[in-house]
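Engineer: Following this line is coords_16.cif, made up of mmCIF, C-alpha atoms:
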data_entry
#
loop_
_atom_site.group_PDB
_atom_site.id
_atom_site.type_symbol
_atom_site.label_atom_id
_atom_site.label_comp_id
_atom_site.auth_asym_id
_atom_site.auth_seq_id
_atom_site.Cartn_x
_atom_site.Cartn_y
_atom_site.Cartn_z
ATOM 1 C CA MET H 33 108.607 132.882 98.276
ATOM 2 C CA LYS H 34 109.500 129.473 96.844
ATOM 3 C CA ARG H 35 108.763 127.813 100.194
ATOM 4 C CA VAL H 36 105.384 129.564 100.363
ATOM 5 C CA VAL H 37 104.504 128.267 96.894
ATOM 6 C CA ILE H 38 105.570 124.730 97.829
ATOM 7 C CA LEU H 39 103.642 124.872 101.091
ATOM 8 C CA THR H 40 100.565 126.124 99.269
ATOM 9 C CA ALA H 41 100.876 123.227 96.832
ATOM 10 C CA LEU H 42 101.193 120.819 99.749
ATOM 11 C CA ILE H 43 98.054 122.195 101.360
ATOM 12 C CA GLY H 44 96.328 121.574 98.032
ATOM 13 C CA LEU H 45 97.668 118.019 98.039
ATOM 14 C CA LEU H 46 96.314 117.287 101.509
ATOM 15 C CA ALA H 47 93.022 118.894 100.541
ATOM 16 C CA ALA H 48 92.898 116.569 97.540
ATOM 17 C CA ALA H 49 93.576 113.607 99.803
ATOM 18 C CA ALA H 50 90.745 114.749 102.028
ATOM 19 C CA ALA H 51 88.520 115.340 99.012
ATOM 20 C CA THR H 52 88.807 111.665 98.117
ATOM 21 C CA LEU H 53 86.718 111.090 101.208
ATOM 22 C CA GLY H 54 83.800 112.310 99.136
ATOM 23 C CA SER H 55 84.022 109.005 97.283
ATOM 24 C CA ALA H 56 84.124 107.012 100.487
ATOM 25 C CA ALA H 57 82.680 103.532 100.490
ATOM 26 C CA PRO H 58 78.882 103.528 100.861
ATOM 27 C CA SER H 59 77.448 102.885 104.282
ATOM 28 C CA ALA H 60 76.279 99.376 104.984
ATOM 29 C CA ARG H 61 73.796 97.993 107.466
ATOM 30 C CA ALA H 62 75.303 96.921 110.764
ATOM 31 C CA GLY H 63 77.085 93.676 110.049
ATOM 32 C CA GLY H 64 75.654 90.469 111.432
ATOM 33 C CA SER H 65 72.193 89.562 112.663
ATOM 34 C CA GLU H 66 73.223 90.037 116.293
ATOM 35 C CA ALA H 67 74.098 93.700 115.690
ATOM 36 C CA THR H 68 70.843 94.400 113.859
ATOM 37 C CA ARG H 69 68.787 92.916 116.731
ATOM 38 C CA LEU H 70 70.259 95.252 119.325
ATOM 39 C CA PRO H 71 68.394 98.432 120.356
ATOM 40 C CA ALA H 72 69.629 101.613 118.688
ATOM 41 C CA LYS H 73 71.184 102.842 121.929
ATOM 42 C CA PRO H 74 72.840 100.739 124.634
ATOM 43 C CA LYS H 75 72.072 101.163 128.324
ATOM 44 C CA LEU H 76 74.828 103.542 129.426
ATOM 45 C CA PRO H 77 76.124 104.526 132.885
ATOM 46 C CA ALA H 78 75.369 107.961 134.277
ATOM 47 C CA LEU H 79 76.960 110.755 132.275
ATOM 48 C CA PRO H 80 79.775 112.523 134.194
ATOM 49 C CA ALA H 81 78.227 115.361 136.194
ATOM 50 C CA ALA H 82 80.287 118.186 134.667
ATOM 51 C CA VAL H 83 79.463 117.099 131.113
ATOM 52 C CA LYS H 84 75.773 116.693 131.951
ATOM 53 C CA ALA H 85 75.590 120.129 133.579
ATOM 54 C CA ARG H 86 77.270 121.794 130.585
ATOM 55 C CA GLY H 87 74.919 120.102 128.128
ATOM 56 C CA LYS H 88 77.627 119.319 125.585
ATOM 57 C CA TRP H 89 81.011 117.675 125.198
ATOM 58 C CA GLU H 90 84.395 119.399 124.971
ATOM 59 C CA ILE H 91 86.647 117.071 122.971
ATOM 60 C CA GLY H 92 90.200 117.418 121.692
ATOM 61 C CA VAL H 93 90.700 116.223 118.107
ATOM 62 C CA LYS H 94 93.262 116.404 115.321
ATOM 63 C CA CYS H 95 92.556 119.064 112.682
ATOM 64 C CA ASP H 96 95.349 118.226 110.213
ATOM 65 C CA THR H 97 95.174 114.443 109.876
ATOM 66 C CA PRO H 98 92.701 113.252 107.244
ATOM 67 C CA PRO H 99 90.837 110.938 107.147
ATOM 68 C CA PHE H 100 90.650 110.840 110.974
ATOM 69 C CA GLY H 101 90.566 114.432 112.119
ATOM 70 C CA TRP H 102 90.653 117.398 109.755
ATOM 71 C CA GLN H 103 88.820 120.577 108.772
ATOM 72 C CA ASP H 104 87.285 121.180 105.366
ATOM 73 C CA THR H 105 87.381 124.514 103.526
ATOM 74 C CA SER H 106 84.426 125.797 105.545
ATOM 75 C CA GLY H 107 86.182 124.981 108.823
ATOM 76 C CA ARG H 108 83.925 122.046 109.660
ATOM 77 C CA ASN H 109 85.571 119.199 111.546
ATOM 78 C CA ARG H 110 85.398 115.905 109.688
ATOM 79 C CA GLY H 111 86.768 112.387 109.879
ATOM 80 C CA TYR H 112 86.590 109.062 111.718
ATOM 81 C CA ASP H 113 87.448 110.502 115.140
ATOM 82 C CA ILE H 114 84.969 113.334 114.622
ATOM 83 C CA GLU H 115 82.134 110.910 113.876
ATOM 84 C CA VAL H 116 82.949 108.922 117.005
ATOM 85 C CA ALA H 117 82.743 112.155 119.003
ATOM 86 C CA ARG H 118 79.432 113.073 117.371
ATOM 87 C CA GLN H 119 78.015 109.642 118.230
ATOM 88 C CA PHE H 120 78.939 110.289 121.857
ATOM 89 C CA ALA H 121 77.047 113.585 121.640
ATOM 90 C CA LYS H 122 74.011 111.863 120.176
ATOM 91 C CA TRP H 123 73.903 109.227 122.892
ATOM 92 C CA ALA H 124 74.553 111.749 125.668
ATOM 93 C CA PHE H 125 72.296 114.607 124.537
ATOM 94 C CA GLY H 126 70.232 113.388 121.591
ATOM 95 C CA SER H 127 72.059 115.566 119.052
ATOM 96 C CA THR H 128 75.314 115.147 117.129
ATOM 97 C CA SER H 129 75.883 118.911 117.401
ATOM 98 C CA LYS H 130 76.257 118.880 121.186
ATOM 99 C CA VAL H 131 80.059 118.896 121.074
ATOM 100 C CA ASN H 132 82.759 121.558 120.840
ATOM 101 C CA PHE H 133 86.054 120.567 119.210
ATOM 102 C CA THR H 134 89.488 121.800 120.243
ATOM 103 C CA CYS H 135 92.307 121.261 117.751
ATOM 104 C CA VAL H 136 95.274 119.420 119.256
ATOM 105 C CA THR H 137 98.585 118.174 117.912
ATOM 106 C CA THR H 138 100.415 114.968 118.731
ATOM 107 C CA ALA H 139 102.634 116.887 121.154
ATOM 108 C CA SER H 140 99.888 119.005 122.781
ATOM 109 C CA ARG H 141 96.981 116.578 123.114
ATOM 110 C CA ILE H 142 97.835 114.977 126.486
ATOM 111 C CA GLY H 143 98.651 118.357 128.023
ATOM 112 C CA THR H 144 95.374 119.728 126.694
ATOM 113 C CA LEU H 145 93.563 116.854 128.404
ATOM 114 C CA THR H 146 95.366 116.945 131.756
ATOM 115 C CA SER H 147 95.006 120.741 131.978
ATOM 116 C CA GLY H 148 91.221 120.336 131.948
ATOM 117 C CA ARG H 149 90.616 122.229 128.699
ATOM 118 C CA VAL H 150 88.701 119.261 127.263
ATOM 119 C CA ASP H 151 86.746 116.334 128.702
ATOM 120 C CA ILE H 152 88.474 113.667 126.607
ATOM 121 C CA ILE H 153 90.731 113.405 123.559
ATOM 122 C CA ILE H 154 89.797 111.423 120.449
ATOM 123 C CA SER H 155 92.942 112.186 118.511
ATOM 124 C CA THR H 156 94.674 109.193 116.883
ATOM 125 C CA LEU H 157 96.137 108.348 120.316
ATOM 126 C CA THR H 158 98.211 105.179 120.079
ATOM 127 C CA TRP H 159 98.438 103.205 123.315
ATOM 128 C CA THR H 160 101.805 103.188 125.061
ATOM 129 C CA ALA H 161 102.697 102.039 128.564
ATOM 130 C CA GLU H 162 104.444 105.352 129.193
ATOM 131 C CA ARG H 163 101.372 107.417 128.303
ATOM 132 C CA GLU H 164 99.195 105.173 130.448
ATOM 133 C CA LYS H 165 101.167 106.334 133.481
ATOM 134 C CA THR H 166 99.768 109.825 132.893
ATOM 135 C CA ILE H 167 96.280 109.208 131.475
ATOM 136 C CA ASP H 168 93.729 106.421 131.211
ATOM 137 C CA TYR H 169 92.717 104.869 127.917
ATOM 138 C CA SER H 170 89.296 103.733 126.825
ATOM 139 C CA VAL H 171 88.962 100.295 125.322
ATOM 140 C CA PRO H 172 90.392 100.403 121.759
ATOM 141 C CA TYR H 173 88.369 102.066 119.011
ATOM 142 C CA TYR H 174 90.778 101.690 116.068
ATOM 143 C CA GLY H 175 93.803 99.558 115.143
ATOM 144 C CA ALA H 176 96.657 101.495 113.522
ATOM 145 C CA ALA H 177 100.049 100.577 112.040
ATOM 146 C CA GLY H 178 103.144 102.501 111.033
ATOM 147 C CA LYS H 179 104.497 103.049 107.521
ATOM 148 C CA LEU H 180 107.196 105.035 105.724
ATOM 149 C CA LEU H 181 106.399 107.639 103.068
ATOM 150 C CA VAL H 182 109.281 107.973 100.579
ATOM 151 C CA LYS H 183 109.991 109.205 97.081
ATOM 152 C CA ASN H 184 109.263 106.780 94.248
ATOM 153 C CA ALA H 185 112.955 106.215 93.474
ATOM 154 C CA VAL H 186 113.695 105.039 97.021
ATOM 155 C CA THR H 187 113.915 101.321 97.796
ATOM 156 C CA VAL H 188 113.494 100.530 101.472
ATOM 157 C CA GLY H 189 115.022 97.249 102.528
ATOM 158 C CA LYS H 190 115.268 95.575 105.901
ATOM 159 C CA LEU H 191 114.676 98.358 108.416
ATOM 160 C CA ALA H 192 117.527 97.374 110.752
ATOM 161 C CA ASP H 193 119.928 98.009 107.857
ATOM 162 C CA TRP H 194 118.170 100.655 105.764
ATOM 163 C CA MET H 195 117.539 103.123 108.610
ATOM 164 C CA LYS H 196 121.262 103.568 109.335
ATOM 165 C CA GLY H 197 122.385 107.037 108.319
ATOM 166 C CA LYS H 198 118.921 108.062 107.126
ATOM 167 C CA LYS H 199 117.042 111.193 108.132
ATOM 168 C CA ILE H 200 113.519 110.377 109.305
ATOM 169 C CA VAL H 201 110.836 112.828 110.362
ATOM 170 C CA SER H 202 107.712 112.363 112.466
ATOM 171 C CA THR H 203 105.664 114.346 114.964
ATOM 172 C CA SER H 204 106.889 115.084 118.479
ATOM 173 C CA GLY H 205 105.703 112.767 121.231
ATOM 174 C CA SER H 206 104.571 110.043 118.837
ATOM 175 C CA ILE H 207 105.251 106.346 119.329
ATOM 176 C CA TYR H 208 107.509 106.606 116.264
ATOM 177 C CA ASP H 209 109.611 109.244 118.027
ATOM 178 C CA ARG H 210 110.250 106.805 120.881
ATOM 179 C CA TRP H 211 110.797 103.794 118.608
ATOM 180 C CA ILE H 212 113.451 105.551 116.540
ATOM 181 C CA SER H 213 115.201 106.850 119.673
ATOM 182 C CA ASN H 214 115.223 103.384 121.215
ATOM 183 C CA CYS H 215 116.028 101.228 118.202
ATOM 184 C CA PHE H 216 117.825 103.261 115.528
ATOM 185 C CA LYS H 217 120.764 104.983 117.161
ATOM 186 C CA GLU H 218 122.415 105.699 113.796
ATOM 187 C CA THR H 219 119.309 107.348 112.356
ATOM 188 C CA ALA H 220 118.914 111.118 112.377
ATOM 189 C CA PHE H 221 115.441 111.916 113.683
ATOM 190 C CA GLN H 222 113.773 115.296 113.321
ATOM 191 C CA VAL H 223 110.513 116.442 114.842
ATOM 192 C CA VAL H 224 108.031 118.179 112.530
ATOM 193 C CA ALA H 225 105.098 120.317 113.605
ATOM 194 C CA SER H 226 102.501 118.325 111.686
ATOM 195 C CA PRO H 227 102.134 115.358 109.309
ATOM 196 C CA GLY H 228 101.802 117.843 106.452
ATOM 197 C CA ALA H 229 105.163 119.383 107.349
ATOM 198 C CA GLY H 230 106.630 115.880 107.226
ATOM 199 C CA VAL H 231 105.272 115.336 103.729
ATOM 200 C CA LEU H 232 106.845 118.636 102.671
ATOM 201 C CA ALA H 233 110.221 117.579 104.129
ATOM 202 C CA VAL H 234 110.198 114.372 102.052
ATOM 203 C CA LYS H 235 109.149 116.192 98.878
ATOM 204 C CA ASN H 236 111.904 118.797 99.344
ATOM 205 C CA GLY H 237 114.578 116.186 99.972
ATOM 206 C CA GLN H 238 115.095 117.412 103.536
ATOM 207 C CA ALA H 239 114.208 113.945 104.850
ATOM 208 C CA ASP H 240 114.510 110.429 103.501
ATOM 209 C CA ALA H 241 111.141 109.360 104.889
ATOM 210 C CA LEU H 242 108.150 110.376 106.969
ATOM 211 C CA MET H 243 107.235 107.757 109.553
ATOM 212 C CA TYR H 244 103.565 107.961 110.509
ATOM 213 C CA ASP H 245 100.235 106.126 110.658
ATOM 214 C CA ASP H 246 99.360 104.185 107.525
ATOM 215 C CA SER H 247 95.820 105.542 107.458
ATOM 216 C CA PHE H 248 97.104 109.084 106.868
ATOM 217 C CA LEU H 249 100.014 108.231 104.590
ATOM 218 C CA VAL H 250 98.012 106.113 102.153
ATOM 219 C CA GLY H 251 95.856 109.088 101.173
ATOM 220 C CA VAL H 252 98.927 111.263 100.593
ATOM 221 C CA ALA H 253 100.664 108.628 98.449
ATOM 222 C CA ALA H 254 97.492 108.095 96.422
ATOM 223 C CA ASN H 255 97.363 111.785 95.506
ATOM 224 C CA ASP H 256 101.039 112.539 94.858
ATOM 225 C CA ARG H 257 102.767 110.857 91.919
ATOM 226 C CA GLU H 258 106.215 111.558 93.398
ATOM 227 C CA LEU H 259 105.606 109.648 96.630
ATOM 228 C CA LYS H 260 104.852 106.074 97.682
ATOM 229 C CA LEU H 261 104.516 103.890 100.760
ATOM 230 C CA ALA H 262 107.334 101.476 101.527
ATOM 231 C CA ALA H 263 106.210 97.872 101.995
ATOM 232 C CA ASN H 264 107.409 97.695 105.610
ATOM 233 C CA THR H 265 104.709 97.697 108.313
ATOM 234 C CA PHE H 266 105.487 98.099 112.012
ATOM 235 C CA LEU H 267 104.095 99.079 115.414
ATOM 236 C CA LYS H 268 100.608 97.627 115.028
ATOM 237 C CA VAL H 269 99.110 99.132 118.172
ATOM 238 C CA PRO H 270 95.473 100.245 118.696
ATOM 239 C CA TRP H 271 94.292 103.748 119.444
ATOM 240 C CA GLY H 272 92.262 104.641 122.515
ATOM 241 C CA ILE H 273 90.327 107.642 123.763
ATOM 242 C CA GLY H 274 92.308 109.619 126.345
ATOM 243 C CA ILE H 275 90.721 110.141 129.768
ATOM 244 C CA ARG H 276 92.138 111.886 132.834
ATOM 245 C CA LYS H 277 93.364 109.655 135.648
ATOM 246 C CA GLY H 278 90.872 109.190 138.448
ATOM 247 C CA GLU H 279 87.785 110.122 136.419
ATOM 248 C CA THR H 280 86.077 106.774 136.896
ATOM 249 C CA SER H 281 82.603 107.925 135.834
ATOM 250 C CA MET H 282 84.040 109.271 132.583
ATOM 251 C CA LYS H 283 85.897 106.041 131.860
ATOM 252 C CA ARG H 284 82.811 103.940 132.604
ATOM 253 C CA TRP H 285 80.669 106.025 130.233
ATOM 254 C CA VAL H 286 83.249 106.143 127.422
ATOM 255 C CA ASP H 287 84.084 102.423 127.661
ATOM 256 C CA ALA H 288 80.390 101.488 127.639
ATOM 257 C CA SER H 289 79.821 103.694 124.591
ATOM 258 C CA VAL H 290 82.786 102.250 122.669
ATOM 259 C CA ARG H 291 81.582 98.715 123.476
ATOM 260 C CA GLY H 292 78.059 99.684 122.427
ATOM 261 C CA MET H 293 79.336 101.008 119.091
ATOM 262 C CA LYS H 294 81.437 97.884 118.579
ATOM 263 C CA ALA H 295 78.482 95.571 119.276
ATOM 264 C CA ARG H 296 76.387 97.483 116.718
ATOM 265 C CA ASP H 297 79.213 97.455 114.142
ATOM 266 C CA MET H 298 79.155 101.247 114.072
ATOM 267 C CA PHE H 299 82.916 101.677 113.692
ATOM 268 C CA SER H 300 82.858 99.741 110.427
ATOM 269 C CA ALA H 301 80.072 102.007 109.175
ATOM 270 C CA ILE H 302 82.037 105.118 110.180
ATOM 271 C CA LEU H 303 85.130 103.787 108.442
ATOM 272 C CA ARG H 304 83.099 103.218 105.266
ATOM 273 C CA ARG H 305 81.924 106.828 105.346
ATOM 274 C CA THR H 306 85.313 108.385 106.017
ATOM 275 C CA ILE H 307 87.945 106.282 104.234
ATOM 276 C CA PRO H 308 88.313 106.538 100.433
ATOM 277 C CA ARG H 309 86.398 103.714 98.750
ATOM 278 C CA ARG H 310 89.447 102.111 97.151
ATOM 279 C CA PHE H 311 91.228 101.854 100.517
ATOM 280 C CA TYR H 312 88.393 100.436 102.607
ATOM 281 C CA THR H 313 89.402 96.799 102.180
ATOM 282 C CA LEU H 314 92.936 97.638 103.385
ATOM 283 C CA PHE H 315 91.677 99.101 106.636
ATOM 284 C CA ARG H 316 88.402 97.305 107.385
ATOM 285 C CA LYS H 317 90.055 95.048 109.978
ATOM 286 C CA SER H 318 91.280 98.148 111.788
ATOM 287 C CA ALA H 319 87.740 98.896 112.983
ATOM 288 C CA PRO H 320 86.479 96.979 116.035
ATOM 289 C CA SER H 321 83.325 95.021 115.256
ATOM 290 C CA PRO H 322 81.243 92.165 116.693
ATOM 291 C CA THR H 323 83.758 89.755 115.146
ATOM 292 C CA ASN H 324 86.933 91.849 115.565
ATOM 293 C CA THR H 325 88.211 92.655 119.060
ATOM 294 C CA LEU H 326 91.284 94.871 119.413
ATOM 295 C CA LYS H 327 93.618 94.611 122.401
ATOM 296 C CA TYR H 328 96.438 96.725 123.769
ATOM 297 C CA PRO H 329 99.802 94.893 123.925
ATOM 298 C CA ARG H 330 100.218 95.524 127.662
ATOM 299 C CA ALA H 331 102.468 92.485 128.076
ATOM 300 C CA THR H 332 105.106 94.188 125.912
ATOM 301 C CA THR H 333 106.521 97.635 125.222
ATOM 302 C CA PRO H 334 106.143 97.982 121.438
ATOM 303 C CA GLU H 335 108.367 101.048 121.110
ATOM 304 C CA ASN H 336 111.208 99.024 122.675
ATOM 305 C CA ASN H 337 110.796 96.078 120.275
ATOM 306 C CA CYS H 338 113.623 96.650 117.824
ATOM 307 C CA PRO H 339 113.749 94.837 114.450
ATOM 308 C CA SER H 340 116.638 92.460 113.955
#
Give the structure from this file in structure tokens form.
Structural biologist:
Amino acid sequence: MKRVVILTALIGLLAAAAATLGSAAPSARAGGSEATRLPAKPKLPALPAAVKARGKWEIGVKCDTPPFGWQDTSGRNRGYDIEVARQFAKWAFGSTSKVNFTCVTTASRIGTLTSGRVDIIISTLTWTAEREKTIDYSVPYYGAAGKLLVKNAVTVGKLADWMKGKKIVSTSGSIYDRWISNCFKETAFQVVASPGAGVLAVKNGQADALMYDDSFLVGVAANDRELKLAANTFLKVPWGIGIRKGETSMKRWVDASVRGMKARDMFSAILRRTIPRRFYTLFRKSAPSPTNTLKYPRATTPENNCPS
């Protein structure tokens, strides 16, 4: 019973974090004169035949990760990734409603894509060389970084020293899972089913820290007086849209659409609508724009880069 009460309280906490999106920064006109001179819609390649024949998209998204992919109390999908998906629907079919969403987790999303259940995944998918052996990535559509969520009394020092003997939680199959396995042999790592379960583990004292994307953790820390973000930042690697290998027409269409949104500064506008107002300045450089180009670190393997 106690665990049920705590879990219910946690759900309320995450709902409160999501509710702060209602005070998101106001939308702005597309930044820069070049963006405002462009036509509303770019010239796009032919839509993949299966998507065109169906008349709508099937897209895998997160449903438990505000402010990027989550469901409100009415069950409506909301967030940054959701708005990107709806823009694809608008450009493909003239309506933002021409898309069905399938909820995926960090561990299930690539399998959901490769099994053919969805056309693409827009699901906080950090680029890794290992994943790129299985799927293709679009050009980047968001730049993420990792952080640690800890209790207020915890002081996190130099990671190479502090992580020894600690118990860290994160989601299965994440870049953080691999990084900890590769670089922190003396750290106890535990997989959790969702970011929310990781927050609960920290609050209950079952884990010393939750390692996850800063964009999710900052909203949690802002709405829970017991928790904070450690100052350490790591694994600054962009997200991409997941595409099945060999689907060249899909990749051409998705890449052209992401570039079209970047040229029109649409990602910045989406970020303004979905991130809490007081956090926008912290994350504005995470959105690709006419003056901000994100690149995958293909020359390195970030999850193998261990701090000294």
Engineer: Mind checking which residues fall within 10 Å of Gly175 (chain H), counting only C-alpha atoms, ignoring those fewer than 4 positions away in the same chain, and posting them as a PDB file with C-alpha atoms, keeping the file's coordinate frame?
Structural biologist:
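result11.pdb was written with the following content:
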ATOM      1  CA  THR H 156      94.674 109.193 116.883  1.00  0.00           C
ATOM      2  CA  THR H 158      98.211 105.179 120.079  1.00  0.00           C
ATOM      3  CA  SER H 247      95.820 105.542 107.458  1.00  0.00           C
ATOM      4  CA  LYS H 268     100.608  97.627 115.028  1.00  0.00           C
ATOM      5  CA  VAL H 269      99.110  99.132 118.172  1.00  0.00           C
ATOM      6  CA  PRO H 270      95.473 100.245 118.696  1.00  0.00           C
ATOM      7  CA  TRP H 271      94.292 103.748 119.444  1.00  0.00           C
ATOM      8  CA  GLY H 272      92.262 104.641 122.515  1.00  0.00           C
ATOM      9  CA  PHE H 315      91.677  99.101 106.636  1.00  0.00           C
ATOM     10  CA  ARG H 316      88.402  97.305 107.385  1.00  0.00           C
ATOM     11  CA  LYS H 317      90.055  95.048 109.978  1.00  0.00           C
ATOM     12  CA  SER H 318      91.280  98.148 111.788  1.00  0.00           C
ATOM     13  CA  ALA H 319      87.740  98.896 112.983  1.00  0.00           C
ATOM     14  CA  PRO H 320      86.479  96.979 116.035  1.00  0.00           C
ATOM     15  CA  THR H 325      88.211  92.655 119.060  1.00  0.00           C
ATOM     16  CA  LEU H 326      91.284  94.871 119.413  1.00  0.00           C
ATOM     17  CA  LYS H 327      93.618  94.611 122.401  1.00  0.00           C
ATOM     18  CA  TYR H 328      96.438  96.725 123.769  1.00  0.00           C
TER      19      TYR H 328
END
Engineer: Report as a list in words the full result of the PyMOL selection byres ((chain H and resi 165) around 12) when it is applied to this structure.
Structural biologist: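 Those residues are Ile142, Trp159, Thr160, Ala161, Glu162, Arg163, Glu164, Thr166, Ile167, Asp168, Tyr169, Gly274, Ile275, Arg276, Lys277 and Gly278 of chain H.
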Engineer: Can you list, as a PyMOL selection string, the residues that the PyMOL selection byres ((chain H and resi 248-262) around 9) selects here?
Structural biologist: chain H and resi 45-46+48-50+52+97-100+179-189+227+231+234-235+242-247+263-265+307-308+311
Engineer: Restricting the calculation to all atoms listed in the file, which member of H:Gly87, H:Pro329, H:Pro74, H:Gly230 is positioned closest to Pro172 (chain H)?
Structural biologist: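 Once distances to Pro172 (chain H) are computed over all atoms listed in the file, the minimum belongs to H:Pro329.
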Engineer: Which distance in Å separates CA of Pro71 (chain H) and CA of Ala295 (chain H), to one decimal?
Structural biologist: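 That distance, rounded to one decimal, is 10.5 Å.
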Engineer: Given all atoms listed in the file as the basis, pick out the residue of H:Pro339, H:Pro334, H:Gly292, H:Gly197 nearest to Val171 (chain H).
Structural biologist: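 Closest to Val171 (chain H) of all the choices is H:Gly292.
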Engineer: Go ahead and fit an axis-aligned box to every listed atom of region 263-271 of chain H plus 4 Å each side, and pass me the centre and edge lengths in Å, one decimal, as AutoDock Vina command-line options.
Structural biologist:
--center_x 100.9 --center_y 100.7 --center_z 110.7 --size_x 21.1 --size_y 14.1 --size_z 25.4
Engineer: What does the structure give for the distance between CA of Asn109 (chain H) and CA of Thr138 (chain H), in Å to one decimal?
Structural biologist: 17.0 Å
Engineer: How many Å lie between CA of Thr280 (chain H) and CA of Ala121 (chain H), rounded to one decimal?
Structural biologist: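 These two atoms are separated by 19.0 Å.
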Engineer: Is it possible to get the residues within 12 Å of (84.6, 106.6, 123.8) (coordinates as in the file, counting all atoms listed in the file) written as a PDB file with C-alpha atoms, in the frame of the given file?
Structural biologist:
ATOM      1  CA  LEU H  76      74.828 103.542 129.426  1.00  0.00           C
ATOM      2  CA  TRP H  89      81.011 117.675 125.198  1.00  0.00           C
ATOM      3  CA  ILE H  91      86.647 117.071 122.971  1.00  0.00           C
ATOM      4  CA  ASP H 113      87.448 110.502 115.140  1.00  0.00           C
ATOM      5  CA  ILE H 114      84.969 113.334 114.622  1.00  0.00           C
ATOM      6  CA  GLU H 115      82.134 110.910 113.876  1.00  0.00           C
ATOM      7  CA  VAL H 116      82.949 108.922 117.005  1.00  0.00           C
ATOM      8  CA  ALA H 117      82.743 112.155 119.003  1.00  0.00           C
ATOM      9  CA  ARG H 118      79.432 113.073 117.371  1.00  0.00           C
ATOM     10  CA  GLN H 119      78.015 109.642 118.230  1.00  0.00           C
ATOM     11  CA  PHE H 120      78.939 110.289 121.857  1.00  0.00           C
ATOM     12  CA  ALA H 121      77.047 113.585 121.640  1.00  0.00           C
ATOM     13  CA  TRP H 123      73.903 109.227 122.892  1.00  0.00           C
ATOM     14  CA  ALA H 124      74.553 111.749 125.668  1.00  0.00           C
ATOM     15  CA  ASP H 151      86.746 116.334 128.702  1.00  0.00           C
ATOM     16  CA  ILE H 152      88.474 113.667 126.607  1.00  0.00           C
ATOM     17  CA  ILE H 153      90.731 113.405 123.559  1.00  0.00           C
ATOM     18  CA  ILE H 154      89.797 111.423 120.449  1.00  0.00           C
ATOM     19  CA  SER H 155      92.942 112.186 118.511  1.00  0.00           C
ATOM     20  CA  ASP H 168      93.729 106.421 131.211  1.00  0.00           C
ATOM     21  CA  TYR H 169      92.717 104.869 127.917  1.00  0.00           C
ATOM     22  CA  SER H 170      89.296 103.733 126.825  1.00  0.00           C
ATOM     23  CA  VAL H 171      88.962 100.295 125.322  1.00  0.00           C
ATOM     24  CA  PRO H 172      90.392 100.403 121.759  1.00  0.00           C
ATOM     25  CA  TYR H 173      88.369 102.066 119.011  1.00  0.00           C
ATOM     26  CA  TYR H 174      90.778 101.690 116.068  1.00  0.00           C
ATOM     27  CA  TRP H 271      94.292 103.748 119.444  1.00  0.00           C
ATOM     28  CA  GLY H 272      92.262 104.641 122.515  1.00  0.00           C
ATOM     29  CA  ILE H 273      90.327 107.642 123.763  1.00  0.00           C
ATOM     30  CA  GLY H 274      92.308 109.619 126.345  1.00  0.00           C
ATOM     31  CA  ILE H 275      90.721 110.141 129.768  1.00  0.00           C
ATOM     32  CA  MET H 282      84.040 109.271 132.583  1.00  0.00           C
ATOM     33  CA  LYS H 283      85.897 106.041 131.860  1.00  0.00           C
ATOM     34  CA  ARG H 284      82.811 103.940 132.604  1.00  0.00           C
ATOM     35  CA  TRP H 285      80.669 106.025 130.233  1.00  0.00           C
ATOM     36  CA  VAL H 286      83.249 106.143 127.422  1.00  0.00           C
ATOM     37  CA  ASP H 287      84.084 102.423 127.661  1.00  0.00           C
ATOM     38  CA  ALA H 288      80.390 101.488 127.639  1.00  0.00           C
ATOM     39  CA  SER H 289      79.821 103.694 124.591  1.00  0.00           C
ATOM     40  CA  VAL H 290      82.786 102.250 122.669  1.00  0.00           C
ATOM     41  CA  ARG H 291      81.582  98.715 123.476  1.00  0.00           C
ATOM     42  CA  GLY H 292      78.059  99.684 122.427  1.00  0.00           C
ATOM     43  CA  MET H 293      79.336 101.008 119.091  1.00  0.00           C
ATOM     44  CA  LYS H 294      81.437  97.884 118.579  1.00  0.00           C
ATOM     45  CA  PHE H 299      82.916 101.677 113.692  1.00  0.00           C
TER      46      PHE H 299
END
Engineer: Given the file shown, determine the residues that the PyMOL selection byres ((chain H and resi 88) around 8) selects; report them as JSON, numbers by chain.
Structural biologist: {"H": [83, 84, 86, 87, 89, 90, 121, 125, 130, 131, 132]}
Engineer: Env of Asn214 (chain H): 10 Å cut, atoms = only C-alpha atoms, seq-sep filter 4 positions within chain, self excluded. Answer as a list of chain:residue names.
Structural biologist: H:Tyr208, H:Asp209, H:Arg210, H:Glu335, H:Asn336, H:Asn337, H:Cys338
Engineer: Taking all atoms listed in the file into account, name the residue in H:Leu79, H:Ile207, H:Ser202, H:Leu157 that is nearest to Gln222 (chain H).
Structural biologist: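 Under the stated criterion, the closest residue is H:Ser202.
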Engineer: Take the point (94.0, 120.6, 111.3) as written in the file and pick out every residue within 10 Å of it, counting all atoms listed in the file; give the list as JSON, numbers by chain.
Structural biologist: {"H": [93, 94, 95, 96, 97, 98, 101, 102, 103, 104, 107, 109, 110, 135, 136, 137, 226, 227, 228]}
Engineer: Under the rule that all atoms listed in the file are counted, which of H:Ala229, H:Ala331, H:Ala177, H:Met298 is the nearest residue to Lys73 (chain H)?
Structural biologist: H:Met298
